[in-house]
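**Student:** I'm passing along query-v9.cif; it holds mmCIF, C-alpha atoms.
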data_data
loop_
_atom_site.label_atom_id
_atom_site.label_comp_id
_atom_site.auth_asym_id
_atom_site.auth_seq_id
_atom_site.Cartn_x
_atom_site.Cartn_y
_atom_site.Cartn_z
CA MET A 14 -17.83 15.95 25.49
CA LEU A 15 -20.35 13.59 27.04
CA GLY A 16 -18.87 10.54 25.32
CA SER A 17 -15.38 11.32 26.56
CA GLN A 18 -16.65 11.81 30.12
CA LEU A 19 -18.48 8.48 30.04
CA ARG A 20 -15.36 6.74 28.74
CA ARG A 21 -13.28 8.26 31.55
CA LEU A 22 -15.79 7.11 34.17
CA ARG A 23 -16.01 3.61 32.71
CA GLU A 24 -12.24 3.15 32.60
CA ALA A 25 -11.82 4.52 36.14
CA LYS A 26 -14.31 1.92 37.37
CA GLY A 27 -12.69 -0.89 35.37
CA VAL A 28 -15.88 -1.70 33.45
CA THR A 29 -15.52 -3.24 29.98
CA ARG A 30 -17.44 -1.91 26.99
CA GLN A 31 -19.18 -5.27 26.78
CA ASP A 32 -20.46 -5.03 30.38
CA ALA A 33 -21.53 -1.42 29.86
CA GLY A 34 -23.41 -2.42 26.72
CA TYR A 35 -25.22 -5.21 28.57
CA VAL A 36 -26.59 -2.73 31.12
CA ILE A 37 -28.20 -0.54 28.45
CA ARG A 38 -29.22 -3.46 26.22
CA ALA A 39 -26.67 -2.54 23.55
CA SER A 40 -23.57 -4.00 21.91
CA GLU A 41 -19.95 -3.31 22.76
CA SER A 42 -19.61 -1.41 19.47
CA LYS A 43 -22.57 0.80 20.44
CA ILE A 44 -20.72 1.83 23.62
CA SER A 45 -17.65 2.61 21.51
CA ARG A 46 -19.71 4.81 19.18
CA LEU A 47 -21.35 6.54 22.15
CA GLU A 48 -17.98 7.32 23.69
CA LEU A 49 -16.73 8.71 20.37
CA GLY A 50 -19.81 10.92 20.05
CA ARG A 51 -20.93 9.25 16.83
CA VAL A 52 -24.46 8.29 17.86
CA SER A 53 -27.14 10.06 19.86
CA PHE A 54 -27.75 9.45 23.56
CA LYS A 55 -30.86 8.34 25.39
CA GLU A 56 -31.06 10.04 28.77
CA ARG A 57 -32.23 6.76 30.34
CA ASP A 58 -29.11 4.98 29.03
CA VAL A 59 -26.82 7.68 30.41
CA ASP A 60 -28.60 7.43 33.76
CA ASP A 61 -28.08 3.65 33.83
CA LEU A 62 -24.41 3.99 32.89
CA LEU A 63 -23.81 6.56 35.62
CA THR A 64 -25.27 4.12 38.15
CA LEU A 65 -23.00 1.35 36.83
CA TYR A 66 -19.98 3.67 37.05
CA GLY A 67 -20.79 4.57 40.65
CA VAL A 68 -21.59 8.24 40.09
CA GLY A 69 -23.63 9.00 43.19
CA ASP A 70 -22.97 12.71 43.59
CA LYS A 71 -26.19 14.48 42.59
CA THR A 72 -24.46 17.56 41.19
CA GLU A 73 -22.07 15.58 38.97
CA ARG A 74 -24.86 13.26 37.89
CA GLU A 75 -27.20 16.11 36.94
CA ALA A 76 -24.42 17.90 35.03
CA LEU A 77 -23.83 14.81 32.89
CA LEU A 78 -27.55 14.25 32.34
CA GLN A 79 -27.86 17.88 31.28
CA LEU A 80 -25.07 17.25 28.77
CA ALA A 81 -27.12 14.34 27.42
CA ARG A 82 -30.13 16.62 26.96
CA GLU A 83 -28.00 19.23 25.21
CA ALA A 84 -26.35 16.61 23.00
CA ASN A 85 -29.78 15.69 21.65
CA THR A 86 -30.88 19.29 21.08
CA PRO A 87 -30.38 20.42 17.45
CA GLY A 88 -27.93 23.33 17.10
CA TRP A 89 -29.00 26.65 15.58
CA TRP A 90 -27.42 25.62 12.26
CA HIS A 91 -29.92 22.78 11.77
CA ARG A 92 -32.51 25.25 10.53
CA TYR A 93 -30.29 25.59 7.45
CA ASN A 94 -30.65 21.87 6.68
CA ASP A 95 -32.10 22.53 3.24
CA VAL A 96 -28.93 24.33 2.08
CA LEU A 97 -26.33 22.76 4.36
CA PRO A 98 -24.85 19.37 3.35
CA GLY A 99 -24.62 16.80 6.13
CA TRP A 100 -20.82 16.62 6.02
CA PHE A 101 -20.61 20.37 6.66
CA GLN A 102 -23.18 20.31 9.46
CA THR A 103 -20.64 18.24 11.36
CA TYR A 104 -18.01 20.91 10.85
CA VAL A 105 -20.26 23.76 12.00
CA GLY A 106 -21.06 21.82 15.17
CA LEU A 107 -17.36 21.25 15.88
CA GLU A 108 -16.52 24.88 15.08
CA GLU A 109 -19.24 26.03 17.49
CA SER A 110 -17.60 24.02 20.31
CA ALA A 111 -13.96 24.83 19.55
CA ALA A 112 -11.78 26.96 21.81
CA LEU A 113 -9.05 27.38 19.17
CA ILE A 114 -9.45 27.42 15.39
CA ARG A 115 -6.31 27.41 13.25
CA THR A 116 -6.85 27.57 9.51
CA TYR A 117 -4.83 27.84 6.31
CA GLU A 118 -6.55 28.93 3.10
CA LEU A 119 -5.10 29.41 -0.36
CA GLN A 120 -8.17 29.88 -2.58
CA PHE A 121 -10.50 32.21 -0.67
CA VAL A 122 -10.56 34.25 2.52
CA PRO A 123 -11.72 31.85 5.29
CA GLY A 124 -15.48 31.89 5.89
CA LEU A 125 -15.13 33.26 9.43
CA LEU A 126 -13.29 36.31 8.06
CA GLN A 127 -15.37 37.06 4.97
CA SER A 128 -17.23 40.34 4.57
CA GLU A 129 -20.88 40.02 3.58
CA GLY A 130 -20.28 41.13 -0.02
CA TYR A 131 -17.32 38.78 -0.45
CA ALA A 132 -19.26 35.88 1.11
CA ARG A 133 -22.14 36.48 -1.30
CA ALA A 134 -19.79 36.54 -4.29
CA VAL A 135 -18.03 33.30 -3.20
CA ILE A 136 -21.31 31.52 -2.54
CA ARG A 137 -22.67 32.55 -5.94
CA LEU A 138 -19.55 31.11 -7.58
CA GLY A 139 -20.07 27.76 -5.89
CA ASN A 140 -23.83 27.62 -6.43
CA ALA A 141 -24.39 28.77 -9.99
CA GLY A 142 -28.09 28.79 -10.82
CA ALA A 143 -29.24 28.82 -7.19
CA ALA A 144 -32.23 31.01 -6.36
CA GLU A 145 -31.54 34.31 -4.60
CA THR A 146 -33.40 33.07 -1.51
CA GLU A 147 -30.97 30.14 -1.25
CA ILE A 148 -28.00 32.48 -1.66
CA ASP A 149 -29.43 34.66 1.13
CA GLN A 150 -29.76 31.61 3.40
CA ARG A 151 -26.18 30.53 2.79
CA VAL A 152 -24.87 34.04 3.42
CA GLY A 153 -26.96 34.24 6.60
CA LEU A 154 -25.45 31.00 7.86
CA ARG A 155 -21.91 32.24 7.22
CA LEU A 156 -22.54 35.55 8.98
CA GLN A 157 -24.12 33.78 11.95
CA ARG A 158 -21.05 31.55 12.28
CA GLN A 159 -18.95 34.72 12.51
CA GLU A 160 -20.96 36.09 15.46
CA ARG A 161 -19.21 33.72 17.83
CA LEU A 162 -15.91 35.56 17.30
CA THR A 163 -17.29 38.60 19.10
CA GLY A 164 -19.63 36.85 21.52
CA PRO A 165 -19.14 35.42 25.01
CA ASP A 166 -16.58 32.59 25.22
CA ALA A 167 -15.28 33.54 21.79
CA PRO A 168 -12.74 31.10 20.38
CA ARG A 169 -9.20 32.05 19.40
CA LEU A 170 -8.94 32.23 15.60
CA TRP A 171 -5.50 32.03 13.98
CA ALA A 172 -5.70 32.24 10.19
CA VAL A 173 -2.91 32.03 7.60
CA LEU A 174 -3.98 33.26 4.17
CA ASP A 175 -1.99 32.53 1.07
CA GLU A 176 -1.33 35.72 -0.89
CA GLY A 177 -3.16 34.10 -3.80
CA ALA A 178 -6.42 34.19 -1.85
CA LEU A 179 -6.08 37.96 -1.55
CA LYS A 180 -4.97 38.58 -5.13
CA ARG A 181 -7.89 36.63 -6.60
CA PRO A 182 -10.49 39.27 -7.61
CA ILE A 183 -13.76 37.98 -6.18
CA GLY A 184 -16.82 40.13 -6.83
CA GLY A 185 -14.94 43.08 -8.28
CA PRO A 186 -12.84 45.94 -6.85
CA GLU A 187 -15.51 47.31 -4.49
CA VAL A 188 -16.08 43.90 -2.89
CA MET A 189 -12.33 43.34 -2.52
CA ARG A 190 -11.81 46.77 -0.91
CA GLU A 191 -14.58 45.96 1.56
CA GLN A 192 -12.92 42.61 2.27
CA PHE A 193 -9.48 44.13 2.89
CA GLU A 194 -11.03 46.69 5.25
CA HIS A 195 -12.87 43.90 7.04
CA LEU A 196 -9.68 41.87 7.51
CA ILE A 197 -7.90 44.90 8.96
CA GLU A 198 -10.77 45.44 11.42
CA MET A 199 -10.92 41.75 12.36
CA SER A 200 -7.18 41.71 13.04
CA LYS A 201 -7.80 44.25 15.83
CA LEU A 202 -9.82 41.73 17.84
CA PRO A 203 -7.77 40.32 20.73
CA ASN A 204 -8.78 36.74 19.86
CA VAL A 205 -8.00 36.96 16.12
CA THR A 206 -4.56 36.59 14.51
CA ILE A 207 -4.13 36.90 10.74
CA GLN A 208 -0.96 36.21 8.75
CA ILE A 209 -0.23 36.26 5.03
CA MET A 210 1.96 33.65 3.33
CA PRO A 211 3.59 35.78 0.58
CA PHE A 212 4.37 34.63 -2.95
CA ARG A 213 8.00 35.60 -2.49
CA PHE A 214 8.50 32.81 0.04
CA GLY A 215 8.09 30.18 -2.69
CA GLY A 216 7.36 26.61 -1.58
CA HIS A 217 6.08 26.11 1.95
CA ALA A 218 4.85 23.51 4.43
CA ALA A 219 1.19 23.42 3.33
CA GLU A 220 1.41 22.93 -0.40
CA GLY A 221 -1.04 20.05 -0.04
CA GLY A 222 -3.90 22.53 0.29
CA ALA A 223 -6.23 24.21 2.75
CA PHE A 224 -7.03 22.74 6.16
CA THR A 225 -8.40 23.69 9.58
CA ILE A 226 -7.39 22.40 13.02
CA LEU A 227 -9.99 22.56 15.80
CA ARG A 228 -9.07 22.34 19.48
CA PHE A 229 -11.64 22.01 22.25
CA PRO A 230 -11.69 23.27 25.85
CA GLU A 231 -11.94 19.73 27.26
CA GLN A 232 -8.40 18.36 27.53
CA ASP A 233 -9.42 14.75 26.92
CA LEU A 234 -10.98 15.59 23.54
CA PRO A 235 -8.56 15.17 20.62
CA ASP A 236 -7.87 17.92 18.09
CA VAL A 237 -9.73 17.48 14.81
CA VAL A 238 -8.32 18.33 11.38
CA TYR A 239 -10.89 19.30 8.75
CA VAL A 240 -9.95 18.94 5.08
CA GLU A 241 -12.62 19.84 2.51
CA ASN A 242 -12.97 18.74 -1.10
CA LEU A 243 -15.54 19.35 -3.84
CA THR A 244 -18.01 16.71 -2.68
CA GLY A 245 -17.35 16.26 1.03
CA ALA A 246 -14.74 16.46 3.75
CA MET A 247 -12.38 14.41 5.90
CA TYR A 248 -12.26 14.65 9.68
CA LEU A 249 -8.93 13.42 11.07
CA ASP A 250 -8.35 12.85 14.78
CA LYS A 251 -5.66 10.17 14.87
CA ARG A 252 -2.64 11.49 16.72
CA ASP A 253 -0.17 10.92 13.87
CA ASP A 254 -2.41 12.68 11.34
CA VAL A 255 -3.09 15.62 13.64
CA ASP A 256 0.61 15.99 14.48
CA THR A 257 1.51 16.20 10.78
CA TYR A 258 -0.95 19.05 10.25
CA LEU A 259 0.09 20.78 13.48
CA GLN A 260 3.72 20.76 12.32
CA ALA A 261 2.69 22.20 8.95
CA MET A 262 0.68 24.95 10.67
CA GLU A 263 3.54 25.82 13.03
CA ARG A 264 5.91 26.08 10.06
CA LEU A 265 3.42 28.27 8.18
CA CYS A 266 3.11 30.65 11.12
CA VAL A 267 6.89 30.96 11.41
CA ASP A 268 7.43 31.51 7.67
CA SER A 269 4.49 33.87 7.01
CA ALA A 270 4.47 37.62 7.45
CA THR A 271 4.01 38.63 11.08
CA PRO A 272 0.54 39.83 12.15
CA GLU A 273 1.86 43.42 12.22
CA ARG A 274 3.40 43.14 8.75
CA THR A 275 0.20 41.46 7.52
CA VAL A 276 -1.83 44.57 8.43
CA GLU A 277 0.65 46.67 6.44
CA LEU A 278 0.31 44.34 3.44
CA LEU A 279 -3.49 44.50 3.67
CA GLY A 280 -3.22 48.30 3.67
CA ASP A 281 -1.09 48.13 0.52
CA LEU A 282 -3.65 45.86 -1.16
CA LEU A 283 -6.44 48.23 -0.15
CA ARG A 284 -4.68 51.22 -1.73
CA GLU A 285 -3.90 49.24 -4.90
CA THR A 286 -7.49 48.05 -5.46
#
Please express the file's structure as structure tokens.
**Tutor:**
Amino acid sequence: MLGSQLRRLREAKGVTRQDAGYVIRASESKISRLELGRVSFKERDVDDLLTLYGVGDKTEREALLQLAREANTPGWWHRYNDVLPGWFQTYVGLEESAALIRTYELQFVPGLLQSEGYARAVIRLGNAGAAETEIDQRVGLRLQRQERLTGPDAPRLWAVLDEGALKRPIGGPEVMREQFEHLIEMSKLPNVTIQIMPFRFGGHAAEGGAFTILRFPEQDLPDVVYVENLTGAMYLDKRDDVDTYLQAMERLCVDSATPERTVELLGDLLRET
């Protein structure tokens, strides 16, 4: 957020990245990384840049300096550093800032929609041999991420679940019943939409695998596509890449069961389990 605001101010004033870098004793590439939010900010540097960009209004200036202070303050998720890989810390930070989260999952129920028992079973599967205290930490992190869905300024969550994710028996019948009940309850939230992509549809637009699209409240921030693999993740924000995933998500939403029909299907799964 801060980087994009500084870029906007610099361009409006007609200042080059090279000239901006000179003022804060940094390179042109450092300014580029600052504006992309890829390196941390020094409040003194932000103050000097605001002077260069002609920001004299005290209220606007203080708001941007406050953003600099917040940008350097570790998020709540950093206390999970010992169990949270660096590449996923980035995702949690983006998720925390997003206004809209659109996700497609074909292997598991998405983390933001998992019941506690299901989350524990999934985490155990992916961390065989981990101590129970570590499992508890990972479950705690997942549940804390979910709190934002019912808190102030809650994001809009739109999730498409492949039927395979719901038919895969994770943790046993009791855990799955709890998960189906949880999905039905979550679907009642005004900011949550859930759809199922049924087997009967056959091939569909997202056969490449699971992905998440994050959109932010600031209009000048690009959408980010998150694609996870076994050892890391990709973060895509180039317009062409994002558009490809947006088109796939739109097609998925059109082809999947409606939210109303999805609740009926979840009820059927609950009775069958």
**Student:** If we draw a sphere of 10 Å around (-24.7, 29.0, 8.8), which residues have at least one atom in it when counting only C-alpha atoms? Please report them as a list in words.
**Tutor:**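 The distance filter leaves exactly Trp89, Trp90, His91, Arg92, Tyr93, Asn94, Val96, Leu97, Phe101, Gln102, Val105, Gln150, Arg151, Val152, Gly153, Leu154, Arg155, Leu156, Gln157, Arg158 and Gln159 of chain A.
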**Student:** Taking into account all atoms listed in the file, which residue in the set A:Asp268, A:Glu145, A:Glu273, A:Glu108 is nearest to Val237 (chain A)?
**Tutor:**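 Looking at the shortest contact to Val237 (chain A), the residue is A:Glu108.
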**Student:** If I take CA of Thr146 (chain A) and CA of Ala134 (chain A), how far is one from the other in Å, to one decimal?
**Tutor:**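 So the two atoms, CA of Thr146 (chain A) and CA of Ala134 (chain A), lie 14.3 Å apart.
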**Student:** Which residues of region 69-129 of chain A sit at most 12 Å from region 136-143 of chain A, using all atoms listed in the file? Give each one's shortest atom pair and distance in Å (one decimal place), in chain and ascending residue order, as JSON lines.
**Tutor:**
{"residue": "A:Val96", "atom": "CA", "partner": "A:Ala143", "partner_atom": "CA", "distance": 10.3}
{"residue": "A:Phe121", "atom": "CA", "partner": "A:Ile136", "partner_atom": "CA", "distance": 11.0}
{"residue": "A:Gly124", "atom": "CA", "partner": "A:Ile136", "partner_atom": "CA", "distance": 10.3}
{"residue": "A:Gln127", "atom": "CA", "partner": "A:Ile136", "partner_atom": "CA", "distance": 11.1}
{"residue": "A:Glu129", "atom": "CA", "partner": "A:Ile136", "partner_atom": "CA", "distance": 10.5}
**Student:** I'd like the neighbourhood of region 75-82 of chain A as number ranges by chain, where a residue qualifies if any of its atoms comes within 7 Å (using only C-alpha atoms), though same-chain residues fewer than 3 positions away should be ignored.
**Tutor:** A: 15, 54, 56, 59, 71-72, 85-86
**Student:** So what do you get for CA of Val122 (chain A) versus CA of Leu170 (chain A), distance-wise?
**Tutor:**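 Pair CA of Val122 (chain A) / CA of Leu170 (chain A) returns 13.3 Å.
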**Student:** When the PyMOL selection byres ((chain A and resi 188) around 12) is applied to the structure above, which residues does it catch, written out as a PyMOL selection string?
**Tutor:** chain A and resi 127-135+179+181-187+189-195+283+286
**Student:** Choose the residue, out of A:Leu282, A:Val205, A:Ala111, A:Ala167, that has the smallest atom-to-atom separation from Leu126 (chain A); count all atoms listed in the file.
**Tutor:**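 Comparing A:Leu282, A:Val205, A:Ala111, A:Ala167 against Leu126 (chain A), the winner is A:Val205.
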**Student:** Which residues would end up in the selection if the PyMOL selection byres ((chain A and resi 27-41) around 9) were applied here, given that I need the answer as a PyMOL selection string?
**Tutor:** chain A and resi 22-26+42-46+57-59+61-62+65-66
**Student:** Could you check which of A:Thr244, A:Thr275, A:Gln232, A:Ser269 is closest to Arg21 (chain A), using only C-alpha atoms?
**Tutor:**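 Nearest candidate to Arg21 (chain A) out of A:Thr244, A:Thr275, A:Gln232, A:Ser269: A:Gln232.
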**Student:** Mind giving me the straight-line distance from CA of Ile209 (chain A) to CA of Leu162 (chain A) in Å, one decimal?
**Tutor:**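 Separation of CA of Ile209 (chain A) and CA of Leu162 (chain A): 19.9 Å.
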**Student:** From the list A:Val173, A:Leu196, A:Ala84, A:Ala112, which residue is nearest Leu227 (chain A) when using only C-alpha atoms?
**Tutor:**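 Closest to Leu227 (chain A) of all the choices is A:Ala112.
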**Student:** Please output region 44-68 of chain A, rebuilt to include N, CA, C and O atoms, as an mmCIF file, keeping the file's coordinate frame.
**Tutor:**
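And here's part-v3.cif as it stands now:
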data_model
loop_
_atom_site.group_PDB
_atom_site.id
_atom_site.type_symbol
_atom_site.label_atom_id
_atom_site.label_comp_id
_atom_site.auth_asym_id
_atom_site.auth_seq_id
_atom_site.Cartn_x
_atom_site.Cartn_y
_atom_site.Cartn_z
ATOM 1 N N ILE A 44 -21.387 1.060 22.572
ATOM 2 C CA ILE A 44 -20.720 1.830 23.620
ATOM 3 C C ILE A 44 -19.533 2.598 23.038
ATOM 4 O O ILE A 44 -19.296 3.762 23.359
ATOM 5 N N SER A 45 -18.785 1.947 22.150
ATOM 6 C CA SER A 45 -17.650 2.610 21.510
ATOM 7 C C SER A 45 -18.112 3.832 20.723
ATOM 8 O O SER A 45 -17.502 4.909 20.810
ATOM 9 N N ARG A 46 -19.205 3.684 19.981
ATOM 10 C CA ARG A 46 -19.710 4.810 19.180
ATOM 11 C C ARG A 46 -20.246 5.918 20.084
ATOM 12 O O ARG A 46 -20.093 7.102 19.777
ATOM 13 N N LEU A 47 -20.877 5.533 21.192
ATOM 14 C CA LEU A 47 -21.350 6.540 22.150
ATOM 15 C C LEU A 47 -20.183 7.347 22.706
ATOM 16 O O LEU A 47 -20.238 8.577 22.787
ATOM 17 N N GLU A 48 -19.122 6.647 23.076
ATOM 18 C CA GLU A 48 -17.980 7.320 23.690
ATOM 19 C C GLU A 48 -17.221 8.192 22.690
ATOM 20 O O GLU A 48 -16.535 9.135 23.077
ATOM 21 N N LEU A 49 -17.356 7.895 21.410
ATOM 22 C CA LEU A 49 -16.730 8.710 20.370
ATOM 23 C C LEU A 49 -17.646 9.829 19.886
ATOM 24 O O LEU A 49 -17.271 10.618 19.018
ATOM 25 N N GLY A 50 -18.862 9.876 20.438
ATOM 26 C CA GLY A 50 -19.810 10.920 20.050
ATOM 27 C C GLY A 50 -20.393 10.741 18.669
ATOM 28 O O GLY A 50 -20.800 11.706 18.024
ATOM 29 N N ARG A 51 -20.470 9.495 18.209
ATOM 30 C CA ARG A 51 -20.930 9.250 16.830
ATOM 31 C C ARG A 51 -22.383 8.823 16.726
ATOM 32 O O ARG A 51 -22.908 8.679 15.633
ATOM 33 N N VAL A 52 -23.027 8.605 17.858
ATOM 34 C CA VAL A 52 -24.460 8.290 17.860
ATOM 35 C C VAL A 52 -25.117 9.097 18.973
ATOM 36 O O VAL A 52 -24.462 9.553 19.907
ATOM 37 N N SER A 53 -26.428 9.259 18.869
ATOM 38 C CA SER A 53 -27.140 10.060 19.860
ATOM 39 C C SER A 53 -27.329 9.290 21.162
ATOM 40 O O SER A 53 -27.222 8.063 21.200
ATOM 41 N N PHE A 54 -27.616 10.015 22.223
ATOM 42 C CA PHE A 54 -27.750 9.450 23.560
ATOM 43 C C PHE A 54 -29.220 9.415 23.984
ATOM 44 O O PHE A 54 -29.969 10.352 23.703
ATOM 45 N N LYS A 55 -29.595 8.349 24.683
ATOM 46 C CA LYS A 55 -30.860 8.340 25.390
ATOM 47 C C LYS A 55 -30.562 8.681 26.846
ATOM 48 O O LYS A 55 -29.652 8.104 27.456
ATOM 49 N N GLU A 56 -31.338 9.613 27.398
ATOM 50 C CA GLU A 56 -31.060 10.040 28.770
ATOM 51 C C GLU A 56 -31.155 8.861 29.737
ATOM 52 O O GLU A 56 -30.378 8.760 30.690
ATOM 53 N N ARG A 57 -32.084 7.943 29.473
ATOM 54 C CA ARG A 57 -32.230 6.760 30.340
ATOM 55 C C ARG A 57 -30.962 5.913 30.330
ATOM 56 O O ARG A 57 -30.513 5.420 31.375
ATOM 57 N N ASP A 58 -30.345 5.767 29.130
ATOM 58 C CA ASP A 58 -29.110 4.980 29.030
ATOM 59 C C ASP A 58 -27.968 5.644 29.802
ATOM 60 O O ASP A 58 -27.199 4.959 30.486
ATOM 61 N N VAL A 59 -27.874 6.963 29.678
ATOM 62 C CA VAL A 59 -26.820 7.680 30.410
ATOM 63 C C VAL A 59 -27.029 7.517 31.908
ATOM 64 O O VAL A 59 -26.079 7.284 32.660
ATOM 65 N N ASP A 60 -28.277 7.597 32.342
ATOM 66 C CA ASP A 60 -28.600 7.430 33.760
ATOM 67 C C ASP A 60 -28.167 6.046 34.252
ATOM 68 O O ASP A 60 -27.555 5.905 35.322
ATOM 69 N N ASP A 61 -28.459 5.016 33.453
ATOM 70 C CA ASP A 61 -28.080 3.650 33.830
ATOM 71 C C ASP A 61 -26.562 3.479 33.867
ATOM 72 O O ASP A 61 -26.020 2.803 34.756
ATOM 73 N N LEU A 62 -25.867 4.091 32.918
ATOM 74 C CA LEU A 62 -24.410 3.990 32.890
ATOM 75 C C LEU A 62 -23.779 4.705 34.087
ATOM 76 O O LEU A 62 -22.815 4.214 34.679
ATOM 77 N N LEU A 63 -24.331 5.833 34.462
ATOM 78 C CA LEU A 63 -23.810 6.560 35.620
ATOM 79 C C LEU A 63 -23.968 5.737 36.892
ATOM 80 O O LEU A 63 -23.092 5.742 37.765
ATOM 81 N N THR A 64 -25.072 5.007 36.995
ATOM 82 C CA THR A 64 -25.270 4.120 38.150
ATOM 83 C C THR A 64 -24.225 3.011 38.135
ATOM 84 O O THR A 64 -23.608 2.698 39.169
ATOM 85 N N LEU A 65 -23.996 2.417 36.954
ATOM 86 C CA LEU A 65 -23.000 1.350 36.830
ATOM 87 C C LEU A 65 -21.611 1.863 37.191
ATOM 88 O O LEU A 65 -20.817 1.141 37.812
ATOM 89 N N TYR A 66 -21.316 3.114 36.817
ATOM 90 C CA TYR A 66 -19.980 3.670 37.050
ATOM 91 C C TYR A 66 -19.841 4.261 38.455
ATOM 92 O O TYR A 66 -18.790 4.832 38.782
ATOM 93 N N GLY A 67 -20.869 4.136 39.258
ATOM 94 C CA GLY A 67 -20.790 4.570 40.650
ATOM 95 C C GLY A 67 -20.829 6.070 40.863
ATOM 96 O O GLY A 67 -20.301 6.578 41.859
ATOM 97 N N VAL A 68 -21.468 6.787 39.946
ATOM 98 C CA VAL A 68 -21.590 8.240 40.090
ATOM 99 C C VAL A 68 -22.807 8.525 40.983
ATOM 100 O O VAL A 68 -23.949 8.524 40.521
#
